[in-house]
Structures are given as C-alpha cells and as structure tokens.
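Enquirer: Pasting model23.txt here (compact mmCIF, C-alpha atoms):
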```txt
# COMPACT_ATOMS: atom_id res chain seq x y z
CA MET P 114 -27.10 -6.29 -12.18
CA GLU P 115 -28.75 -8.70 -9.77
CA LYS P 116 -27.36 -8.37 -6.28
CA MET P 117 -26.35 -11.63 -4.64
CA LYS P 118 -26.06 -12.16 -0.91
CA TYR P 119 -23.49 -14.47 0.67
CA LYS P 120 -23.52 -15.89 4.16
CA LEU P 121 -20.32 -15.56 6.20
CA GLY P 122 -18.72 -18.28 8.33
CA VAL P 123 -17.01 -17.72 11.68
CA MET P 124 -13.57 -17.27 10.09
CA ASP P 125 -15.08 -14.63 7.79
CA LEU P 126 -16.79 -12.88 10.70
CA TYR P 127 -13.73 -12.99 12.95
CA PRO P 128 -11.80 -10.32 10.94
CA ILE P 129 -14.84 -8.04 11.18
CA ALA P 130 -14.88 -8.41 14.95
CA ALA P 131 -11.09 -7.86 15.02
CA ASN P 132 -11.42 -4.63 13.02
CA LYS P 133 -9.73 -1.69 14.82
CA THR P 134 -8.18 -4.01 17.43
CA GLN P 135 -4.59 -5.08 18.18
CA ILE P 136 -4.98 -8.20 16.04
CA GLU P 137 -6.57 -6.76 12.90
CA ASN P 138 -4.77 -8.32 9.96
CA ASN P 139 -4.98 -7.53 6.23
CA PRO P 140 -2.46 -9.34 3.98
CA PHE P 141 -0.40 -7.63 1.30
CA VAL P 142 0.84 -9.18 -1.95
CA GLN P 143 2.81 -7.44 -4.63
CA ALA P 144 4.10 -8.41 -8.06
CA LYS P 145 6.93 -6.61 -9.77
CA LEU P 146 6.60 -6.68 -13.55
CA LYS P 147 9.41 -6.58 -16.08
CA GLU P 148 7.67 -3.84 -18.05
CA PRO P 149 5.74 -0.76 -16.87
CA VAL P 150 2.18 -1.41 -15.72
CA ASP P 151 -0.51 -0.74 -18.32
CA GLU P 152 -3.47 0.70 -16.40
CA GLU P 153 -6.08 -0.19 -19.03
CA ARG P 154 -4.93 -3.81 -19.20
CA LEU P 155 -4.87 -4.02 -15.41
CA TYR P 156 -8.39 -2.59 -15.11
CA ALA P 157 -9.70 -5.08 -17.67
CA ALA P 158 -7.94 -7.94 -15.85
CA VAL P 159 -9.46 -6.98 -12.50
CA LYS P 160 -12.91 -6.59 -14.01
CA GLN P 161 -12.75 -10.05 -15.55
CA THR P 162 -11.43 -11.58 -12.33
CA LEU P 163 -14.27 -10.06 -10.27
CA SER P 164 -16.75 -11.98 -12.41
CA GLU P 165 -14.95 -15.19 -11.45
CA TYR P 166 -14.52 -14.42 -7.73
CA PRO P 167 -17.92 -13.07 -6.66
CA LEU P 168 -16.97 -12.58 -2.99
CA PHE P 169 -14.40 -9.96 -4.01
CA ALA P 170 -17.13 -8.18 -5.99
CA CYS P 171 -19.09 -7.58 -2.77
CA THR P 172 -19.42 -5.06 -0.01
CA LEU P 173 -20.29 -5.70 3.64
CA ARG P 174 -23.87 -5.35 4.89
CA TYR P 175 -25.59 -5.76 8.23
CA ASN P 176 -29.15 -6.84 8.98
CA LYS P 177 -29.36 -8.80 12.21
CA GLY P 178 -25.94 -10.08 11.23
CA TYR P 179 -23.12 -9.40 8.76
CA TYR P 180 -23.22 -10.71 5.19
CA LEU P 181 -21.69 -9.92 1.81
CA GLU P 182 -23.74 -8.38 -0.98
CA THR P 183 -22.81 -7.72 -4.59
CA ASN P 184 -21.48 -4.16 -4.90
CA ASP P 185 -23.01 -2.29 -7.84
CA LYS P 186 -20.49 0.54 -7.65
CA ASP P 187 -17.40 0.77 -9.83
CA PHE P 188 -14.05 -0.37 -8.44
CA GLN P 189 -11.02 1.81 -8.89
CA LEU P 190 -7.31 1.28 -9.30
CA ILE P 191 -5.04 3.49 -7.23
CA HIS P 192 -1.95 4.97 -8.82
CA ALA P 193 0.44 5.09 -5.88
CA ALA P 194 3.74 3.63 -4.76
CA GLU P 195 3.59 1.32 -1.77
CA GLU P 196 4.91 3.94 0.66
CA ASN P 197 2.34 6.51 -0.55
CA ARG P 198 -0.68 4.25 -0.91
CA PRO P 199 -3.88 4.92 1.10
CA LEU P 200 -3.92 3.26 4.51
CA ALA P 201 -7.69 2.82 4.62
CA PHE P 202 -9.96 1.03 2.18
CA GLY P 203 -13.69 0.34 2.26
CA ASP P 204 -15.38 3.73 2.30
CA ALA P 205 -12.47 5.01 0.22
CA THR P 206 -12.84 2.20 -2.34
CA ASN P 207 -16.58 2.50 -3.04
CA GLY P 208 -17.39 -0.18 -0.49
CA PHE P 209 -15.06 -2.86 -1.85
CA LEU P 210 -13.18 -4.68 0.89
CA TRP P 211 -9.82 -4.45 -0.87
CA GLN P 212 -7.59 -2.07 -2.74
CA MET P 213 -5.25 -2.54 -5.67
CA CYS P 214 -2.43 -0.07 -6.25
CA TYR P 215 0.04 0.23 -9.09
CA ASP P 216 3.12 2.33 -9.74
CA LYS P 217 5.71 2.01 -12.48
CA TYR P 218 6.54 -1.71 -12.39
CA THR P 219 4.57 -2.87 -9.34
CA VAL P 220 1.01 -4.01 -8.67
CA SER P 221 -0.02 -4.53 -5.04
CA PHE P 222 -3.17 -6.00 -3.58
CA GLU P 223 -4.46 -6.03 0.00
CA TRP P 224 -7.79 -7.08 1.38
CA CYS P 225 -9.82 -7.67 4.51
CA HIS P 226 -9.85 -11.32 5.61
CA ALA P 227 -13.66 -11.15 5.78
CA VAL P 228 -13.64 -11.86 2.03
CA SER P 229 -11.11 -14.68 2.05
CA ASP P 230 -7.87 -15.91 3.59
CA GLY P 231 -4.34 -15.70 2.22
CA ARG P 232 -4.84 -18.57 -0.20
CA GLY P 233 -8.09 -17.07 -1.50
CA GLY P 234 -6.57 -13.62 -1.93
CA PHE P 235 -3.54 -15.15 -3.61
CA ALA P 236 -5.84 -17.01 -6.04
CA PHE P 237 -7.69 -13.78 -6.87
CA PHE P 238 -4.45 -11.86 -7.45
CA SER P 239 -3.04 -14.72 -9.53
CA SER P 240 -6.10 -14.61 -11.78
CA VAL P 241 -5.64 -10.86 -12.23
CA LEU P 242 -2.06 -11.49 -13.37
CA CYS P 243 -3.18 -14.27 -15.71
CA HIS P 244 -5.77 -12.07 -17.40
CA TYR P 245 -3.31 -9.18 -17.55
CA PHE P 246 -0.83 -11.32 -19.48
CA GLY P 247 -3.50 -13.01 -21.59
CA ALA P 248 -3.15 -16.46 -20.06
CA ASP P 249 -6.05 -18.89 -19.69
CA ARG P 250 -7.13 -19.71 -16.14
CA LEU P 251 -10.05 -21.97 -15.30
CA VAL P 252 -11.89 -20.80 -12.19
CA GLU P 253 -14.85 -22.69 -10.75
CA PRO P 254 -16.71 -20.72 -8.08
CA ALA P 255 -16.69 -22.63 -4.79
CA LEU P 256 -18.86 -20.80 -2.30
CA GLU P 257 -19.39 -23.33 0.48
CA LEU P 258 -18.41 -22.05 3.91
CA GLY P 259 -14.97 -23.06 5.13
CA LEU P 260 -14.58 -24.57 8.58
CA GLU P 261 -18.31 -25.12 9.05
CA SER P 262 -18.14 -27.64 6.20
CA PHE P 263 -15.95 -29.90 8.38
CA TYR P 264 -17.74 -29.39 11.70
CA ASP P 265 -18.14 -32.65 13.63
CA LYS P 266 -18.32 -32.75 17.42
CA ALA P 267 -17.95 -36.55 17.33
CA GLU P 268 -14.44 -36.40 15.84
CA LYS P 269 -11.82 -36.76 18.59
CA GLY P 270 -8.83 -36.59 16.26
CA ILE P 271 -5.51 -38.44 16.33
CA PRO P 272 -3.71 -37.68 19.62
CA GLN P 273 -1.12 -34.91 19.32
CA LYS P 274 1.60 -33.93 21.76
CA LYS P 275 0.56 -30.93 23.81
CA GLN P 276 2.84 -27.98 23.12
CA GLU P 277 4.28 -25.93 25.96
CA LYS P 278 3.52 -22.25 26.47
CA GLY P 279 5.81 -19.73 24.80
CA PHE P 280 7.72 -16.89 26.45
CA ALA P 281 6.05 -13.90 28.08
CA ALA P 282 5.82 -10.65 26.12
CA ASP P 283 8.31 -8.83 28.36
CA ALA P 284 11.06 -11.38 27.64
CA LEU P 285 11.77 -9.54 24.37
CA PRO P 286 11.02 -5.80 24.64
CA PHE P 287 9.06 -4.42 21.70
CA ILE P 288 8.03 -1.09 20.24
CA LYS P 289 4.37 -0.06 20.08
CA ARG P 290 3.91 1.56 16.68
CA GLY P 291 0.26 1.09 15.83
CA TYR P 292 0.03 -0.75 12.52
CA LYS P 293 3.64 0.03 11.54
CA THR P 294 6.43 -2.51 11.58
CA ASP P 295 9.98 -3.01 10.34
CA CYS P 296 10.04 -5.32 7.32
CA HIS P 297 13.07 -7.34 6.25
CA ILE P 298 12.97 -8.98 2.82
CA LEU P 299 15.26 -12.00 2.52
CA LYS P 300 15.87 -14.39 -0.36
CA VAL P 301 17.51 -17.81 -0.69
CA PRO P 302 17.39 -20.68 -3.19
CA MET P 303 14.64 -23.08 -2.10
CA ILE P 304 17.01 -26.03 -2.52
CA GLU P 305 19.13 -24.76 0.38
CA VAL P 306 16.10 -24.79 2.69
CA LEU P 307 15.19 -28.36 1.75
CA THR P 308 18.79 -29.53 2.00
CA ALA P 309 19.05 -28.19 5.56
CA ALA P 310 16.21 -30.51 6.57
CA LYS P 311 17.96 -33.42 4.81
CA LYS P 312 14.61 -34.30 3.27
CA SER P 313 13.64 -33.30 -0.26
CA ASP P 314 9.94 -33.39 0.60
CA SER P 315 10.26 -31.08 3.59
CA SER P 316 8.64 -27.66 3.83
CA PRO P 317 9.85 -24.20 4.86
CA ALA P 318 7.25 -24.45 7.65
CA ALA P 319 9.28 -27.28 9.20
CA VAL P 320 12.69 -25.66 8.65
CA LEU P 321 12.44 -21.93 9.32
CA PRO P 322 10.31 -21.69 12.52
CA PRO P 323 12.92 -23.50 14.68
CA LEU P 324 15.70 -21.30 13.27
CA ILE P 325 13.68 -18.15 13.97
CA SER P 326 13.04 -19.47 17.47
CA MET P 327 16.80 -19.91 18.01
CA ALA P 328 17.40 -16.28 17.07
CA LEU P 329 14.70 -15.04 19.46
CA ARG P 330 16.05 -17.18 22.32
CA LYS P 331 19.53 -15.77 21.80
CA HIS P 332 18.31 -12.25 22.60
CA MET P 333 16.28 -12.97 25.71
CA ASP P 334 17.50 -11.87 29.10
CA PRO P 335 19.48 -14.77 30.64
CA LYS P 336 17.34 -14.38 33.76
CA VAL P 337 14.17 -15.29 31.86
CA LYS P 338 12.96 -18.66 33.13
CA ASN P 339 10.68 -19.57 30.25
CA LYS P 340 12.61 -19.26 26.97
CA ASN P 341 10.23 -21.47 24.99
CA VAL P 342 9.23 -19.96 21.65
CA SER P 343 5.76 -20.68 20.33
CA CYS P 344 5.17 -20.43 16.58
CA ASN P 345 1.69 -20.23 15.08
CA VAL P 346 1.90 -22.05 11.73
CA VAL P 347 -1.04 -21.25 9.45
CA ILE P 348 -2.59 -24.33 7.79
CA ASP P 349 -4.73 -24.16 4.66
CA CYS P 350 -7.38 -26.87 5.03
CA ARG P 351 -8.23 -27.10 1.33
CA GLY P 352 -5.48 -29.53 0.33
CA PRO P 353 -5.72 -31.98 3.24
CA MET P 354 -9.52 -32.03 3.03
CA ARG P 355 -9.68 -32.12 -0.79
CA PHE P 356 -12.07 -29.22 -0.58
CA GLN P 357 -12.37 -25.92 -2.41
CA THR P 358 -13.91 -22.69 -1.19
CA MET P 359 -13.41 -18.97 -1.69
CA HIS P 360 -14.26 -18.39 1.97
CA ASN P 361 -11.69 -18.47 4.78
CA CYS P 362 -10.56 -22.06 5.28
CA ILE P 363 -7.59 -22.01 7.66
CA VAL P 364 -6.67 -23.34 11.07
CA SER P 365 -3.35 -23.02 12.85
CA LYS P 366 -0.91 -25.29 14.64
CA ASN P 367 1.18 -23.99 17.50
CA ILE P 368 4.62 -25.60 17.74
CA THR P 369 6.94 -24.68 20.59
CA TYR P 370 10.72 -24.69 20.53
CA ILE P 371 11.90 -25.97 23.92
CA ASP P 372 15.24 -26.12 25.72
CA ARG P 373 16.14 -29.69 24.78
CA TYR P 374 16.09 -28.84 21.08
CA ASP P 375 19.28 -26.81 21.58
CA SER P 376 21.32 -30.00 22.06
CA MET P 377 19.87 -31.79 19.03
CA ASP P 378 21.14 -31.90 15.47
CA PHE P 379 19.16 -29.37 13.49
CA ALA P 380 17.93 -31.95 10.96
CA LEU P 381 16.33 -33.85 13.85
CA VAL P 382 14.64 -30.70 15.17
CA SER P 383 13.28 -30.01 11.71
CA THR P 384 12.06 -33.60 11.50
CA ILE P 385 10.18 -33.12 14.78
CA TYR P 386 8.50 -29.98 13.42
CA ARG P 387 7.65 -31.82 10.20
CA ALA P 388 6.16 -34.74 12.13
CA LEU P 389 4.01 -32.38 14.22
CA LEU P 390 2.79 -30.60 11.10
CA ASP P 391 2.14 -33.88 9.28
CA LEU P 392 -0.02 -35.00 12.18
CA ALA P 393 -1.84 -31.66 12.34
CA VAL P 394 -2.90 -31.89 8.68
CA GLN P 395 -4.43 -35.36 8.96
CA GLN P 396 -8.11 -35.13 8.08
CA GLU P 397 -9.22 -36.23 11.55
CA ASN P 398 -7.19 -33.45 13.18
CA ILE P 399 -8.30 -30.84 10.64
CA VAL P 400 -11.92 -31.70 11.50
CA LYS P 401 -11.17 -31.49 15.22
CA ALA P 402 -9.34 -28.16 14.85
CA ALA P 403 -12.09 -26.75 12.63
CA THR P 404 -14.76 -27.77 15.12
CA GLU P 405 -12.86 -26.26 18.05
CA THR P 406 -12.25 -23.04 16.11
CA VAL P 407 -15.93 -22.68 15.23
CA ASP P 408 -16.92 -23.34 18.86
CA MET P 409 -14.38 -20.80 20.13
CA ILE P 410 -15.16 -17.94 17.73
CA LYS P 411 -18.90 -18.35 17.23
CA PRO P 412 -19.89 -17.01 20.69
CA ILE P 413 -17.84 -13.85 20.07
CA VAL P 414 -19.15 -13.05 16.58
CA ALA P 415 -22.72 -13.88 17.64
CA VAL P 416 -22.83 -11.22 20.37
CA LYS P 417 -25.51 -8.54 19.89
CA PRO P 418 -25.84 -5.59 19.85
CA ARG P 419 -22.79 -4.79 17.73
CA PHE P 420 -21.25 -2.32 20.17
CA MET P 421 -21.10 -5.12 22.74
CA GLN P 422 -19.37 -7.40 20.23
CA LYS P 423 -16.80 -4.68 19.49
CA ALA P 424 -16.16 -4.15 23.20
CA LEU P 425 -15.72 -7.88 23.79
CA ALA P 426 -13.48 -8.23 20.72
CA LYS P 427 -11.14 -5.52 22.01
CA VAL P 428 -10.76 -7.33 25.32
CA VAL P 429 -10.18 -10.68 23.63
CA ALA P 430 -7.68 -9.12 21.20
CA GLY P 431 -5.72 -7.59 24.07
CA VAL P 432 -5.40 -11.00 25.70
CA MET P 433 -4.63 -12.94 22.50
CA LYS P 434 -2.03 -10.50 21.16
CA HIS P 435 0.75 -11.95 23.30
CA SER P 436 -0.74 -15.24 24.47
CA GLU P 437 -1.80 -16.96 21.25
CA SER P 438 1.81 -17.38 20.08
CA ASN P 439 5.17 -15.61 20.00
CA PHE P 440 5.28 -15.32 16.22
CA THR P 441 3.37 -16.41 13.12
CA PHE P 442 4.67 -18.29 10.09
CA THR P 443 2.64 -18.30 6.86
CA TYR P 444 3.78 -20.10 3.72
CA LEU P 445 1.75 -19.39 0.58
CA GLY P 446 3.58 -22.06 -1.38
CA ARG P 447 4.81 -21.79 -4.94
CA VAL P 448 3.78 -19.02 -7.32
CA ASP P 449 2.53 -21.51 -9.88
CA LEU P 450 1.40 -19.46 -12.86
CA PRO P 451 1.39 -20.11 -16.63
CA GLU P 452 4.69 -19.69 -18.42
CA GLU P 453 3.66 -16.46 -20.16
CA VAL P 454 2.79 -14.91 -16.80
CA MET P 455 6.02 -15.98 -15.09
CA ALA P 456 7.95 -14.59 -18.05
CA GLY P 457 6.44 -11.16 -17.36
CA LEU P 458 7.17 -11.12 -13.61
CA ASP P 459 10.41 -9.96 -12.07
CA ASP P 460 9.63 -10.43 -8.37
CA PHE P 461 6.90 -11.30 -5.89
CA TYR P 462 6.27 -10.26 -2.28
CA PHE P 463 3.85 -11.34 0.43
CA ARG P 464 3.72 -9.83 3.90
CA SER P 465 1.53 -9.55 6.91
CA TRP P 466 1.54 -7.26 9.94
CA THR P 467 2.31 -8.64 13.40
CA ASP P 468 -1.16 -9.57 14.59
CA PHE P 469 0.02 -12.12 17.20
CA GLY P 470 3.25 -11.57 19.10
CA GLU P 471 5.69 -9.10 17.60
CA CYS P 472 6.85 -11.01 14.54
CA ASN P 473 5.13 -12.30 11.42
CA VAL P 474 7.08 -14.26 8.82
CA ALA P 475 5.39 -14.62 5.43
CA ALA P 476 7.03 -16.83 2.80
CA VAL P 477 6.49 -17.62 -0.86
CA ASP P 478 8.39 -19.68 -3.44
CA PHE P 479 8.90 -17.62 -6.57
CA GLY P 480 10.66 -19.49 -9.37
CA GLY P 481 12.67 -21.67 -7.00
CA THR P 482 13.64 -18.75 -4.75
CA LEU P 483 12.20 -18.60 -1.25
CA ILE P 484 11.26 -15.01 -0.44
CA LEU P 485 10.67 -14.09 3.21
CA ASN P 486 9.03 -10.90 4.40
CA ILE P 487 9.75 -10.67 8.12
CA CYS P 488 7.72 -8.02 9.91
CA GLU P 489 8.84 -7.37 13.49
CA ASN P 490 8.74 -4.69 16.17
CA TYR P 491 11.47 -5.77 18.58
CA GLN P 492 13.62 -3.11 20.23
CA ASP P 493 16.70 -5.26 19.63
CA LYS P 494 17.60 -4.84 15.97
CA GLN P 495 20.31 -7.51 16.03
CA ILE P 496 17.76 -10.35 15.99
CA ILE P 497 17.35 -10.54 12.22
CA PRO P 498 21.11 -10.32 11.47
CA ASP P 499 21.63 -13.12 13.98
CA LEU P 500 18.85 -15.14 12.34
CA ILE P 501 20.72 -14.85 9.04
CA ASP P 502 23.93 -16.05 10.74
CA ILE P 503 22.12 -18.98 12.39
CA CYS P 504 20.61 -20.00 9.06
CA ARG P 505 24.05 -19.88 7.48
CA THR P 506 25.34 -22.49 9.97
CA VAL P 507 22.88 -25.03 8.55
CA GLY P 508 23.58 -24.13 4.91
CA ILE P 509 20.81 -21.60 4.30
CA ASN P 510 22.50 -18.47 2.96
CA PHE P 511 19.89 -15.74 3.05
CA GLU P 512 20.53 -12.48 1.21
CA THR P 513 18.91 -9.30 2.55
CA VAL P 514 17.44 -7.53 -0.46
CA ASP P 515 15.53 -4.75 1.29
CA GLU P 516 14.62 -3.29 4.67
CA LEU P 517 11.73 -0.89 4.99
CA THR P 518 9.05 0.47 7.26
CA TYR P 519 5.79 -1.23 6.41
CA GLU P 520 2.40 0.05 7.54
CA GLN P 521 -0.69 -2.10 7.21
CA ALA P 522 -3.71 -0.69 5.40
CA ASN P 523 -6.99 -1.36 7.18
CA LEU P 524 -10.65 -1.75 6.41
CA ARG P 525 -12.59 1.34 7.45
CA LEU P 526 -16.20 0.98 6.39
CA SER P 527 -19.20 2.88 7.74
CA ILE P 528 -22.09 0.43 8.06
```
Show me, as structure tokens, the structure contained in the file I just sent.

Expert:
Amino acid sequence: MEKMKYKLGVMDLYPIAANKTQIENNPFVQAKLKEPVDEERLYAAVKQTLSEYPLFACTLRYNKGYYLETNDKDFQLIHAAEENRPLAFGDATNGFLWQMCYDKYTVSFEWCHAVSDGRGGFAFFSSVLCHYFGADRLVEPALELGLESFYDKAEKGIPQKKQEKGFAADALPFIKRGYKTDCHILKVPMIEVLTAAKKSDSSPAAVLPPLISMALRKHMDPKVKNKNVSCNVVIDCRGPMRFQTMHNCIVSKNITYIDRYDSMDFALVSTIYRALLDLAVQQENIVKAATETVDMIKPIVAVKPRFMQKALAKVVAGVMKHSESNFTFTYLGRVDLPEEVMAGLDDFYFRSWTDFGECNVAAVDFGGTLILNICENYQDKQIIPDLIDICRTVGINFETVDELTYEQANLRLSI
C-alpha cells in the first residue's frame, strides 16, 4: 500500500499542542442498535469507511513538523462497555488516532481532533453505520485545509457587538477530577425547543445557552459582582462557506448573558442570541474569524523545538481554561441517515469533556428528539435540576434519562 502524507492546518495542529494539557479534548459519539452488534459486519464497515476517509486511516508523524501519514498497520475493534473501555488510544491502537468500542447493543467512537472536528468525526461514524446496515453513501474526499482556505487579512467583516467578559472561575466552585466529569443525559422533543423561541427556524444554539446561563447565575454567590455568563458556541464553517473538507473547519462565537436579559421575555433573549449567531455565520465574519484564529494559533504550533511548544501550550492552556468562556455549546445537528440505518438505531449520544470552563453541553437531534449530554464539574449539584425547572417554565420539558461519571479517553502516542 502506498503511503500518503497529508499536511495539517493550524486547527489540526492545535489539538496536538493541547495534548496532555487542561484543554485536551477528544469527542465521543455512540450509537445504540436495536439488535446485538455483529463484530464481523462492524469490522467490514470500518474497513470500507477508512478507504473513503483517508485522514482517519493515518497515524501522526514528525519531521521538522507534524503531518499525517497512511498507517499500514491493522486497526482493531475493542470489545468493551463504555465504562470499561481503554482511556488511551494511539500507541494502544496501532498508531491510529481513534478507537472504536462495541458491547452488546452499543458502538462508540472517539478520536483526536488532529484528524478532524466534530462534524468530520460524525461523518466518519455515520458512514460506518451506513455500511454496517448496507446503505449506500456517496463520499467524495475533500482534503483541502480548513481555516487556511478562507484566510484573508483584507477582510474586516461585518461589525458585531462586542461581548462582555464572563464570570470568574471562583464564582462557581468546581471539582478538579482530571479528565473525569459528571454527565447528565437529557431528552426533549425538538418541537418544544423551537416553540420556546417562537420561531420555527430557530436553533438549539439560540435557545439553550441563555437557559443554561440562567441556571448558572442562580447558583452564584450573591456577592459576586460579575454574574455575566459567557458561552462558546462552536460554528461549523462548511455550510456558511459552501465548502467541504475532512480537516478541522470550525470557529467559535462567544455570546454573553448579561444582567438586563433577566428582565426580558425569553423569546426576545433567544432572538438576540439568534441574531448574534446569524451575524457570526455571515461569510465575511467567517473569513475574519478564520483569519484571526490562524494568526492566533500559528505562532504557538510553529514553536520549535517541540519541548518548548509543549511548555508554552501548557501555560496557554492554563490561562484559557477559565478565560476563553464559562461553558461550551456544540450542536451536531440532525442525525440524517438513510431510512434503513435509522430503522436499526435505538439511540444516539454525543458528548465532550469540559475543555473550557467547567461545563460542556453537546446536543444532537435524533429522530426529532433533542438529546443533550451535559458534562460538568461544579460542586453544586443542584444546577442541572434547576436548569430543567427553568426550561420547563418556557415549555421545554426535559426528561433525565441517565446520569453517569464520564471519563475522556486521550491520545497517547510516542513519536
């Protein structure tokens, strides 16, 4: 097999620099099947999908800089329940930058962001499910770099309202648990979320962040002067830019809940969030954000020798952990798979460890049901129950379907 080499962009290199730091982040997706998992079918499905997504068929190399190279070793499936799965992949997975586990009715997939972002990993996993259930799926390799493809220093963007700084870390005491976190899985009909915004074309990203912010504000010490809550909303650039790539292609928009929102009707607050997000995804502002992100990260990932880059990354991670935002909201969108695949699935989960702040909310629409995986490490365990109550006041009736301790698996690769 001919080995291919693939250049990495700054958003691919950033997760490598963040490895073993406070902001290392490796997403987790899991599908629950209606029938027991067939290992042979799953292996064949993964093998076929790797031929369509060449970046996932690679390992990480270094020669004056990091790059991906086709891995000629065999991949392996891991027979383990989520709570017993390995917590390190890379060396343990023959150099592949991901691991796929199965047990009884579940198949889970987690990967290092150096290969791709949440949308890219979701696409890979979706193709595995399609091949597993024998459904056709057309995949056209798109290997252009992500944010670098939009880079333009001349673009000034459409003016956006500057968002205020969020609360300080000590306003809501948290527990330091390494890469562990408490995970709350909530479900609600998607129609209830859209109805709360009083706009059928709204998005969970415009509805849920202000409600989460309300719950966090409720539990702050009354003496805290700054009770603003900053939410980092992840934006996939592919749609707005009409661009496809398997590389990382995301920016983020920070939106801050401020005091005056408390006196407003919730539908108006949601409209404000929607307007801010609509402005952020305009092509001019995507280009500006992409350019700024490249300029910010490039000096860090370009540092040599590598031990100096690691030392700098640890310092930067320590600063960013509680200054970038108070919590993160990621919406993968709808699980839009062929009918024969959806007929074989019983449930779907997506979660992400708390890389920034102490709360990460990951959402996905599965068959018209919005599924939230809220990972948090706050000392006060009444926050999530109060969030559910606050949501209920605007007509969103979340059901708690599970609560568990979730530990992120990390890339550990000797190169």

Enquirer: Given 8 Å of margin on each side, can you work out the centre and size in Å (one decimal) of an axis-aligned box holding every listed atom of segment 421-428 of chain P, as AutoDock Vina command-line options?

Expert:
```
--center_x -15.9 --center_y -6.2 --center_z 22.4 --size_x 26.3 --size_y 20.1 --size_z 21.8
```

Enquirer: Applying 7 Å and all atoms listed in the file, which residues near Tyr370 of chain P remain after dropping the ones on its own chain fewer than 2 positions away? List them as a PyMOL selection string.

Expert: chain P and resi 323+326+341-343+368+374

Enquirer: For a quick check of understanding, using all atoms listed in the file, which of P:Tyr386, P:Phe209, P:Phe237, P:Tyr119 has the smallest distance to Ala158 of chain P?

Expert: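 Of all the options, P:Phe237 lies closest to Ala158 of chain P.
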
Enquirer: Is it possible to get the residues within 10 Å of (23.7, -20.4, 0.2) (coordinates as in the file, counting only C-alpha atoms) written as a ChimeraX atom specification?

Expert: /P:300-306,504-505,507-512

Enquirer: Have a look at P:Gln143, P:Asn473, P:Ser229, P:Asn367 and name the one nearest to Lys274 of chain P; count only C-alpha atoms.

Expert: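 Closest candidate: P:Asn367.
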
Enquirer: Within 7 Å of segment 248-262 of chain P, counting all atoms listed in the file, which residues qualify if same-chain residues fewer than 3 places away don't, as a ChimeraX atom specification?

Expert: /P:122,165-166,240,243-244,357-362,403,451,453-454

Enquirer: Interatomic distance between atom CA of Arg447 of chain P and atom CA of Gly233 of chain P?

Expert: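 Atom-to-atom, atom CA of Arg447 of chain P and atom CA of Gly233 of chain P are spaced 14.2 Å apart.
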
Enquirer: Tell me, in Å to one decimal, how far atom CA of Arg464 of chain P is from atom CA of Phe141 of chain P.

Expert: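 Pair atom CA of Arg464 of chain P / atom CA of Phe141 of chain P returns 5.3 Å.
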
Enquirer: Go through P:Glu115, P:Asp478, P:Asp125, P:Glu153 one by one, measure the shortest atom-to-atom distance of each to Lys411 of chain P using only C-alpha atoms, and give the residue with the smallest value.

Expert: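 Nearest candidate to Lys411 of chain P out of P:Glu115, P:Asp478, P:Asp125, P:Glu153: P:Asp125.
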
Enquirer: Select, from P:Asn184, P:Ser465, P:Gln212, P:Thr482, the residue with the minimum atom-to-atom distance to Leu307 of chain P, counting all atoms listed in the file.

Expert: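 With all atoms listed in the file as the atom set, the closest residue is P:Thr482.
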
Enquirer: Quick one, how far is atom CA of Ile191 of chain P from atom CA of Ile136 of chain P?

Expert: 26.0 Å

Enquirer: Can you tell me, as a ChimeraX atom specification, what residues are no more than 12 Å from Arg154 of chain P when counting only C-alpha atoms, ignoring any on the same chain fewer than 6 positions away?

Expert: /P:160-161,190,215,241-247

Enquirer: At a cut-off of 10 Å, using only C-alpha atoms, what residues contact Glu182 of chain P? Leave out same-chain residues fewer than 4 positions from it and give the result as a count of residues only.

Expert: 14

Enquirer: Please complete segment 365-369 of chain P with all heavy atoms and give it back as a PDB file, in the frame of the given file.

Expert:
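Once everything was written out, this is part-v6.pdb:
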```pdb
ATOM      1  N   SER P 365      -4.767 -23.222  12.563  1.00  0.00           N
ATOM      2  CA  SER P 365      -3.350 -23.020  12.850  1.00  0.00           C
ATOM      3  C   SER P 365      -2.849 -24.079  13.813  1.00  0.00           C
ATOM      4  O   SER P 365      -3.629 -24.665  14.574  1.00  0.00           O
ATOM      5  CB  SER P 365      -3.100 -21.622  13.432  1.00  0.00           C
ATOM      6  OG  SER P 365      -3.818 -21.454  14.637  1.00  0.00           O
ATOM      7  N   LYS P 366      -1.566 -24.330  13.751  1.00  0.00           N
ATOM      8  CA  LYS P 366      -0.910 -25.290  14.640  1.00  0.00           C
ATOM      9  C   LYS P 366       0.207 -24.579  15.387  1.00  0.00           C
ATOM     10  O   LYS P 366       1.119 -24.033  14.772  1.00  0.00           O
ATOM     11  CB  LYS P 366      -0.339 -26.456  13.825  1.00  0.00           C
ATOM     12  CG  LYS P 366       0.511 -27.427  14.634  1.00  0.00           C
ATOM     13  CD  LYS P 366      -0.296 -28.123  15.718  1.00  0.00           C
ATOM     14  CE  LYS P 366       0.569 -29.128  16.469  1.00  0.00           C
ATOM     15  NZ  LYS P 366      -0.175 -29.776  17.585  1.00  0.00           N
ATOM     16  N   ASN P 367       0.118 -24.564  16.688  1.00  0.00           N
ATOM     17  CA  ASN P 367       1.180 -23.990  17.500  1.00  0.00           C
ATOM     18  C   ASN P 367       2.244 -25.041  17.781  1.00  0.00           C
ATOM     19  O   ASN P 367       1.934 -26.131  18.283  1.00  0.00           O
ATOM     20  CB  ASN P 367       0.626 -23.455  18.833  1.00  0.00           C
ATOM     21  CG  ASN P 367       0.143 -22.025  18.710  1.00  0.00           C
ATOM     22  OD1 ASN P 367      -0.002 -21.513  17.599  1.00  0.00           O
ATOM     23  ND2 ASN P 367      -0.117 -21.382  19.820  1.00  0.00           N
ATOM     24  N   ILE P 368       3.491 -24.718  17.456  1.00  0.00           N
ATOM     25  CA  ILE P 368       4.620 -25.600  17.740  1.00  0.00           C
ATOM     26  C   ILE P 368       5.627 -24.814  18.575  1.00  0.00           C
ATOM     27  O   ILE P 368       5.981 -23.681  18.220  1.00  0.00           O
ATOM     28  CB  ILE P 368       5.289 -26.102  16.447  1.00  0.00           C
ATOM     29  CG1 ILE P 368       4.259 -26.816  15.569  1.00  0.00           C
ATOM     30  CG2 ILE P 368       6.443 -27.029  16.766  1.00  0.00           C
ATOM     31  CD1 ILE P 368       4.821 -27.348  14.271  1.00  0.00           C
ATOM     32  N   THR P 369       6.070 -25.395  19.656  1.00  0.00           N
ATOM     33  CA  THR P 369       6.940 -24.680  20.590  1.00  0.00           C
ATOM     34  C   THR P 369       8.352 -25.239  20.595  1.00  0.00           C
ATOM     35  O   THR P 369       8.561 -26.455  20.732  1.00  0.00           O
ATOM     36  CB  THR P 369       6.363 -24.756  22.025  1.00  0.00           C
ATOM     37  OG1 THR P 369       5.034 -24.235  22.013  1.00  0.00           O
ATOM     38  CG2 THR P 369       7.212 -23.944  22.989  1.00  0.00           C
TER      39      THR P 369
END
```
